[in-house]
file upload-v2.cif (mmCIF, C-alpha atoms)
data_model
loop_
_atom_site.label_atom_id
_atom_site.label_comp_id
_atom_site.auth_asym_id
_atom_site.auth_seq_id
_atom_site.Cartn_x
_atom_site.Cartn_y
_atom_site.Cartn_z
CA MET A 1 -16.12 -12.22 -15.26
CA ALA A 2 -13.92 -9.57 -16.88
CA THR A 3 -10.14 -9.89 -16.76
CA GLU A 4 -8.41 -6.66 -15.79
CA VAL A 5 -4.76 -5.73 -16.29
CA ILE A 6 -3.06 -5.06 -12.95
CA GLN A 7 -1.29 -1.71 -13.01
CA GLY A 8 1.99 -1.37 -11.10
CA ASN A 9 0.84 1.90 -9.54
CA ASN A 10 -2.04 0.06 -7.86
CA LEU A 11 0.17 -2.28 -5.79
CA LYS A 12 1.11 -0.58 -2.53
CA VAL A 13 3.14 -1.82 0.43
CA PHE A 14 1.85 -1.21 3.97
CA TYR A 15 3.96 -1.99 7.02
CA ARG A 16 4.12 -1.97 10.81
CA LEU A 17 6.25 -3.59 13.49
CA LYS A 18 4.45 -6.65 14.81
CA LYS A 19 4.62 -5.36 18.39
CA TRP A 20 2.24 -2.52 17.47
CA ALA A 21 -0.47 -4.82 16.01
CA LYS A 22 -2.91 -4.18 18.88
CA GLU A 23 -2.23 -0.46 19.09
CA ARG A 24 -2.19 1.07 15.62
CA PRO A 25 -2.96 0.37 11.98
CA ALA A 26 -0.33 -0.34 9.36
CA GLU A 27 1.32 2.59 7.56
CA LEU A 28 1.51 3.13 3.83
CA VAL A 29 5.16 3.35 2.78
CA PRO A 30 5.24 6.85 1.25
CA TYR A 31 6.70 7.70 -2.18
CA GLN A 32 7.04 4.10 -3.39
CA THR A 33 8.73 3.66 -6.74
CA SER A 34 8.74 -0.15 -6.91
CA ALA A 35 7.33 -3.19 -5.10
CA LYS A 36 8.33 -6.76 -5.85
CA LEU A 37 7.04 -10.04 -4.39
CA THR A 38 9.05 -13.11 -5.42
CA PHE A 39 8.26 -16.79 -4.89
CA LYS A 40 11.19 -19.15 -5.38
CA ARG A 41 11.42 -22.89 -4.92
CA ASP A 42 14.69 -24.62 -5.80
CA SER A 43 14.39 -28.02 -7.40
CA ASP A 44 16.80 -30.85 -8.07
CA SER A 45 16.64 -34.20 -9.77
CA THR A 46 18.23 -37.54 -9.03
CA LYS A 47 19.00 -39.98 -11.79
CA THR A 48 17.69 -43.48 -11.24
CA LYS A 49 17.50 -46.58 -13.41
CA ASP A 50 13.86 -45.72 -14.04
CA GLY A 51 14.49 -42.08 -14.94
CA ASN A 52 14.92 -38.80 -13.12
CA VAL A 53 13.18 -38.21 -9.77
CA ALA A 54 12.48 -34.53 -9.09
CA THR A 55 12.72 -33.10 -5.57
CA SER A 56 11.68 -29.63 -4.48
CA ALA A 57 13.01 -27.48 -1.65
CA SER A 58 10.78 -25.38 0.59
CA LEU A 59 9.28 -22.14 -0.72
CA GLU A 60 11.46 -19.03 -0.32
CA PRO A 61 9.30 -15.90 -0.66
CA GLU A 62 10.88 -12.45 -0.69
CA LEU A 63 9.41 -8.95 -0.65
CA GLU A 64 11.20 -5.84 -1.84
CA VAL A 65 10.14 -2.19 -1.84
CA GLU A 66 11.94 0.86 -3.17
CA PHE A 67 10.93 4.39 -2.27
CA ILE A 68 12.13 7.97 -2.07
CA ASN A 69 13.74 8.25 1.36
CA ASN A 70 11.62 10.07 3.91
CA SER A 71 11.00 10.54 7.63
CA SER A 72 7.77 8.50 7.86
CA ILE A 73 6.96 6.02 10.62
CA ALA A 74 7.37 3.09 8.23
CA ALA A 75 10.77 4.32 7.00
CA ASP A 76 12.06 4.63 10.57
CA GLU A 77 10.66 1.25 11.57
CA PHE A 78 12.63 -0.42 8.78
CA TYR A 79 15.80 0.68 10.60
CA GLN A 80 14.45 -0.78 13.85
CA SER A 81 13.73 -4.09 12.16
CA VAL A 82 17.14 -4.50 10.51
CA LEU A 83 19.17 -3.19 13.48
CA ASN A 84 17.29 -5.03 16.22
CA ASN A 85 16.06 -8.03 14.22
CA GLU A 86 12.46 -7.05 15.01
CA GLU A 87 9.65 -8.82 13.20
CA GLY A 88 7.13 -6.78 11.27
CA GLU A 89 4.01 -7.25 9.20
CA ALA A 90 3.78 -6.30 5.53
CA TRP A 91 0.87 -6.14 3.12
CA LEU A 92 1.04 -5.85 -0.65
CA VAL A 93 -2.35 -4.32 -1.43
CA ASP A 94 -4.02 -3.96 -4.81
CA ILE A 95 -5.96 -0.75 -4.28
CA ASP A 96 -7.98 -1.26 -7.47
CA ARG A 97 -9.06 -4.92 -7.11
CA LEU A 98 -12.16 -5.26 -4.94
CA ASN A 99 -14.47 -8.12 -4.03
CA LYS A 100 -18.25 -7.85 -3.72
CA ALA A 101 -17.89 -6.64 -0.14
CA GLY A 102 -15.73 -3.73 -1.30
CA LYS A 103 -12.53 -5.12 0.23
CA ASN A 104 -9.11 -4.96 -1.44
CA PHE A 105 -7.10 -7.99 -2.57
CA ALA A 106 -3.84 -8.29 -0.62
CA TRP A 107 -0.91 -10.48 0.29
CA TYR A 108 -0.06 -10.62 4.01
CA MET A 109 3.40 -11.52 5.32
CA GLN A 110 5.29 -11.66 8.60
CA VAL A 111 8.70 -10.25 7.77
CA THR A 112 12.08 -9.09 8.99
CA VAL A 113 14.19 -6.54 7.13
CA SER A 114 17.20 -8.46 5.81
CA GLU A 115 18.70 -5.61 3.76
CA ASP A 116 18.28 -1.83 3.92
CA GLU A 117 20.19 0.16 1.33
CA THR A 118 20.25 3.96 1.17
CA GLU A 119 21.50 5.74 -1.94
CA ALA A 120 22.20 9.47 -1.83
CA LYS A 121 23.41 11.16 -5.01
CA THR A 122 24.22 14.84 -5.26
CA GLY A 123 21.31 16.75 -6.73
CA ASP A 124 18.84 13.86 -6.43
CA ALA A 125 16.41 12.74 -3.77
CA SER A 126 17.79 10.02 -1.52
CA GLU A 127 16.43 6.55 -2.30
CA ARG A 128 15.94 3.51 -0.07
CA SER A 129 15.73 -0.14 -1.08
CA ILE A 130 14.33 -2.61 1.46
CA THR A 131 14.46 -6.41 1.22
CA PHE A 132 12.32 -8.47 3.58
CA ALA A 133 12.89 -12.04 4.66
CA VAL A 134 9.44 -13.63 4.87
CA SER A 135 8.59 -16.05 7.68
CA GLY A 136 6.49 -18.98 6.52
CA GLN A 137 4.24 -18.64 3.50
CA PRO A 138 2.48 -15.38 2.51
CA LYS A 139 -1.30 -15.50 2.78
CA ARG A 140 -3.80 -14.18 0.24
CA GLY A 141 -6.98 -12.47 1.32
CA TRP A 142 -9.20 -9.41 1.28
CA LEU A 143 -8.94 -6.43 3.60
CA ALA A 144 -10.65 -3.13 4.25
CA LEU A 145 -8.45 -0.06 4.32
CA THR A 146 -9.15 2.41 7.11
CA GLN A 147 -10.36 5.85 6.04
CA ASP A 148 -6.94 7.29 6.91
CA GLN A 149 -5.17 4.63 4.82
CA GLN A 150 -7.55 5.24 1.93
CA ASP A 151 -6.89 8.97 2.16
CA GLN A 152 -3.14 8.33 2.01
CA VAL A 153 -3.56 6.23 -1.12
CA ASP A 154 -6.05 8.47 -2.92
CA TYR A 155 -6.86 11.84 -1.44
CA ILE A 156 -10.36 13.17 -1.96
CA PHE A 157 -11.45 16.46 -3.49
CA ARG A 158 -11.76 19.17 -0.85
CA GLY A 159 -13.42 22.55 -0.94
CA THR A 160 -11.88 25.67 0.56
CA ASP A 161 -14.10 25.59 3.66
CA LYS A 162 -12.84 24.36 7.03
CA VAL A 163 -12.84 20.57 7.39
CA THR A 164 -15.20 18.88 9.84
CA VAL A 165 -15.84 15.17 10.41
CA SER A 166 -19.30 13.88 11.37
CA GLU A 167 -19.95 11.06 13.84
CA ASP A 168 -20.11 8.49 11.03
CA GLY A 169 -16.66 9.55 9.80
CA THR A 170 -17.93 11.49 6.77
CA GLU A 171 -15.83 14.53 5.96
CA GLU A 172 -17.50 17.87 5.24
CA ASN A 173 -15.29 20.42 3.52
CA GLY A 174 -17.54 22.57 1.33
CA GLY A 175 -16.60 20.62 -1.81
CA THR A 176 -18.23 17.98 -4.02
CA ALA A 177 -16.14 15.49 -5.96
CA TRP A 178 -16.46 15.35 -9.76
CA GLU A 179 -18.70 12.56 -11.02
CA ASP A 180 -19.16 10.91 -14.40
CA GLY A 181 -21.73 12.97 -16.27
CA ASP A 182 -20.45 16.31 -14.97
CA GLU A 183 -18.77 17.00 -18.30
CA GLY A 184 -20.04 20.23 -19.84
CA THR A 185 -21.91 21.26 -16.69
CA TYR A 186 -22.53 24.98 -16.53
CA VAL A 187 -25.42 26.60 -14.72
CA PRO A 188 -25.59 30.36 -15.33
CA LYS A 189 -25.59 32.45 -12.19
CA ASP A 190 -29.05 33.68 -11.18
CA ASP A 191 -28.76 37.46 -10.90
CA SER A 192 -32.38 37.93 -9.82
CA GLU A 193 -31.46 37.99 -6.13
CA ASP A 194 -28.90 40.72 -6.75
CA ASP A 195 -31.45 42.76 -8.73
CA SER A 196 -34.16 42.47 -6.05
CA SER A 197 -31.83 43.91 -3.43
CA LYS A 198 -31.48 47.18 -5.38
#
call {"tool": "encode", "arguments": {"input": "upload-v2.cif", "output": "structure tokens"}}
result
Amino acid sequence: MATEVIQGNNLKVFYRLKKWAKERPAELVPYQTSAKLTFKRDSDSTKTKDGNVATSASLEPELEVEFINNSSIAADEFYQSVLNNEEGEAWLVDIDRLNKAGKNFAWYMQVTVSEDETEAKTGDASERSITFAVSGQPKRGWLALTQDQQDQVDYIFRGTDKVTVSEDGTEENGGTAWEDGDEGTYVPKDDSEDDSSK
């Protein structure tokens, strides 16, 4: 089994308020610049006649995400969470790490926004920094992104034709994505049809 380096660009945070779990999928936080998942467990030791005895406190996980401020659903729901103490759900998804079933590796957490900082400098885009308090212990697993979520993460090549979607969800747009092996492809135009019309 090959070991792959995990690129920072491939870790994306998705979010939704927990109350919407039965009604809509999670939203990608747009324009992310940083995501950070921290696990911390404080420890202490007590001296005894037989030596030190180590004791550990409970796990304290924390999730942080920084992004260019925007008017997305996720960005607005962060305000709802911190102002109203509403619980949400967050996923840290590795969009490049797949299992044999084609699902993405992810961390899942039930969270509440504990800190929401907005920075607005003259001449620069406004930035937001969100810190989540995590309830319980984050869970590891594999998930399938919806087509809409996948499109948000990595848009597909489109032709200039109008876009239609078939019953199976396949998009038709008059274009064909580049594939390995297309390098150097050039098929001369067949002018015979033009000549026969003269």
call {"tool": "closest_residue", "arguments": {"input": "upload-v2.cif", "among": "A:Trp20, A:Tyr79, A:Tyr108, A:Tyr15", "to": "Leu37 of chain A", "atoms": "all atoms listed in the file"}}
result
A:Tyr108
call {"tool": "atom_distance", "arguments": {"input": "upload-v2.cif", "atom1": "atom CA of Ala133 of chain A", "atom2": "atom CA of Thr112 of chain A"}}
result
5.3 Å
call {"tool": "closest_residue", "arguments": {"input": "upload-v2.cif", "among": "A:Gly88, A:Gly102, A:Ser135, A:Asp50", "to": "Lys18 of chain A", "atoms": "all atoms listed in the file"}}
result
A:Gly88
call {"tool": "closest_residue", "arguments": {"input": "upload-v2.cif", "among": "A:Gly181, A:Leu28, A:Phe67, A:Arg16", "to": "Glu119 of chain A", "atoms": "only C-alpha atoms"}}
result
A:Phe67
call {"tool": "residues_around", "arguments": {"input": "upload-v2.cif", "residues": "Glu87 of chain A", "least_positions_apart": "2", "cutoff": "9 Å", "atoms": "all atoms listed in the file", "output": "ChimeraX atom specification"}}
result
/A:17-19,81,85,89,110-113
call {"tool": "closest_residue", "arguments": {"input": "upload-v2.cif", "among": "A:Glu23, A:Asp42, A:Asp151, A:Glu4", "to": "Leu98 of chain A", "atoms": "all atoms listed in the file"}}
result
A:Glu4
call {"tool": "atom_distance", "arguments": {"input": "upload-v2.cif", "atom1": "atom CA of Glu77 of chain A", "atom2": "atom CA of Glu64 of chain A"}}
result
15.2 Å
call {"tool": "residues_near_point", "arguments": {"input": "upload-v2.cif", "point": "(-1.3, -19.3, 2.6)", "cutoff": "10 Å", "atoms": "only C-alpha atoms", "output": "number ranges by chain"}}
result
A: 107-109, 136-141
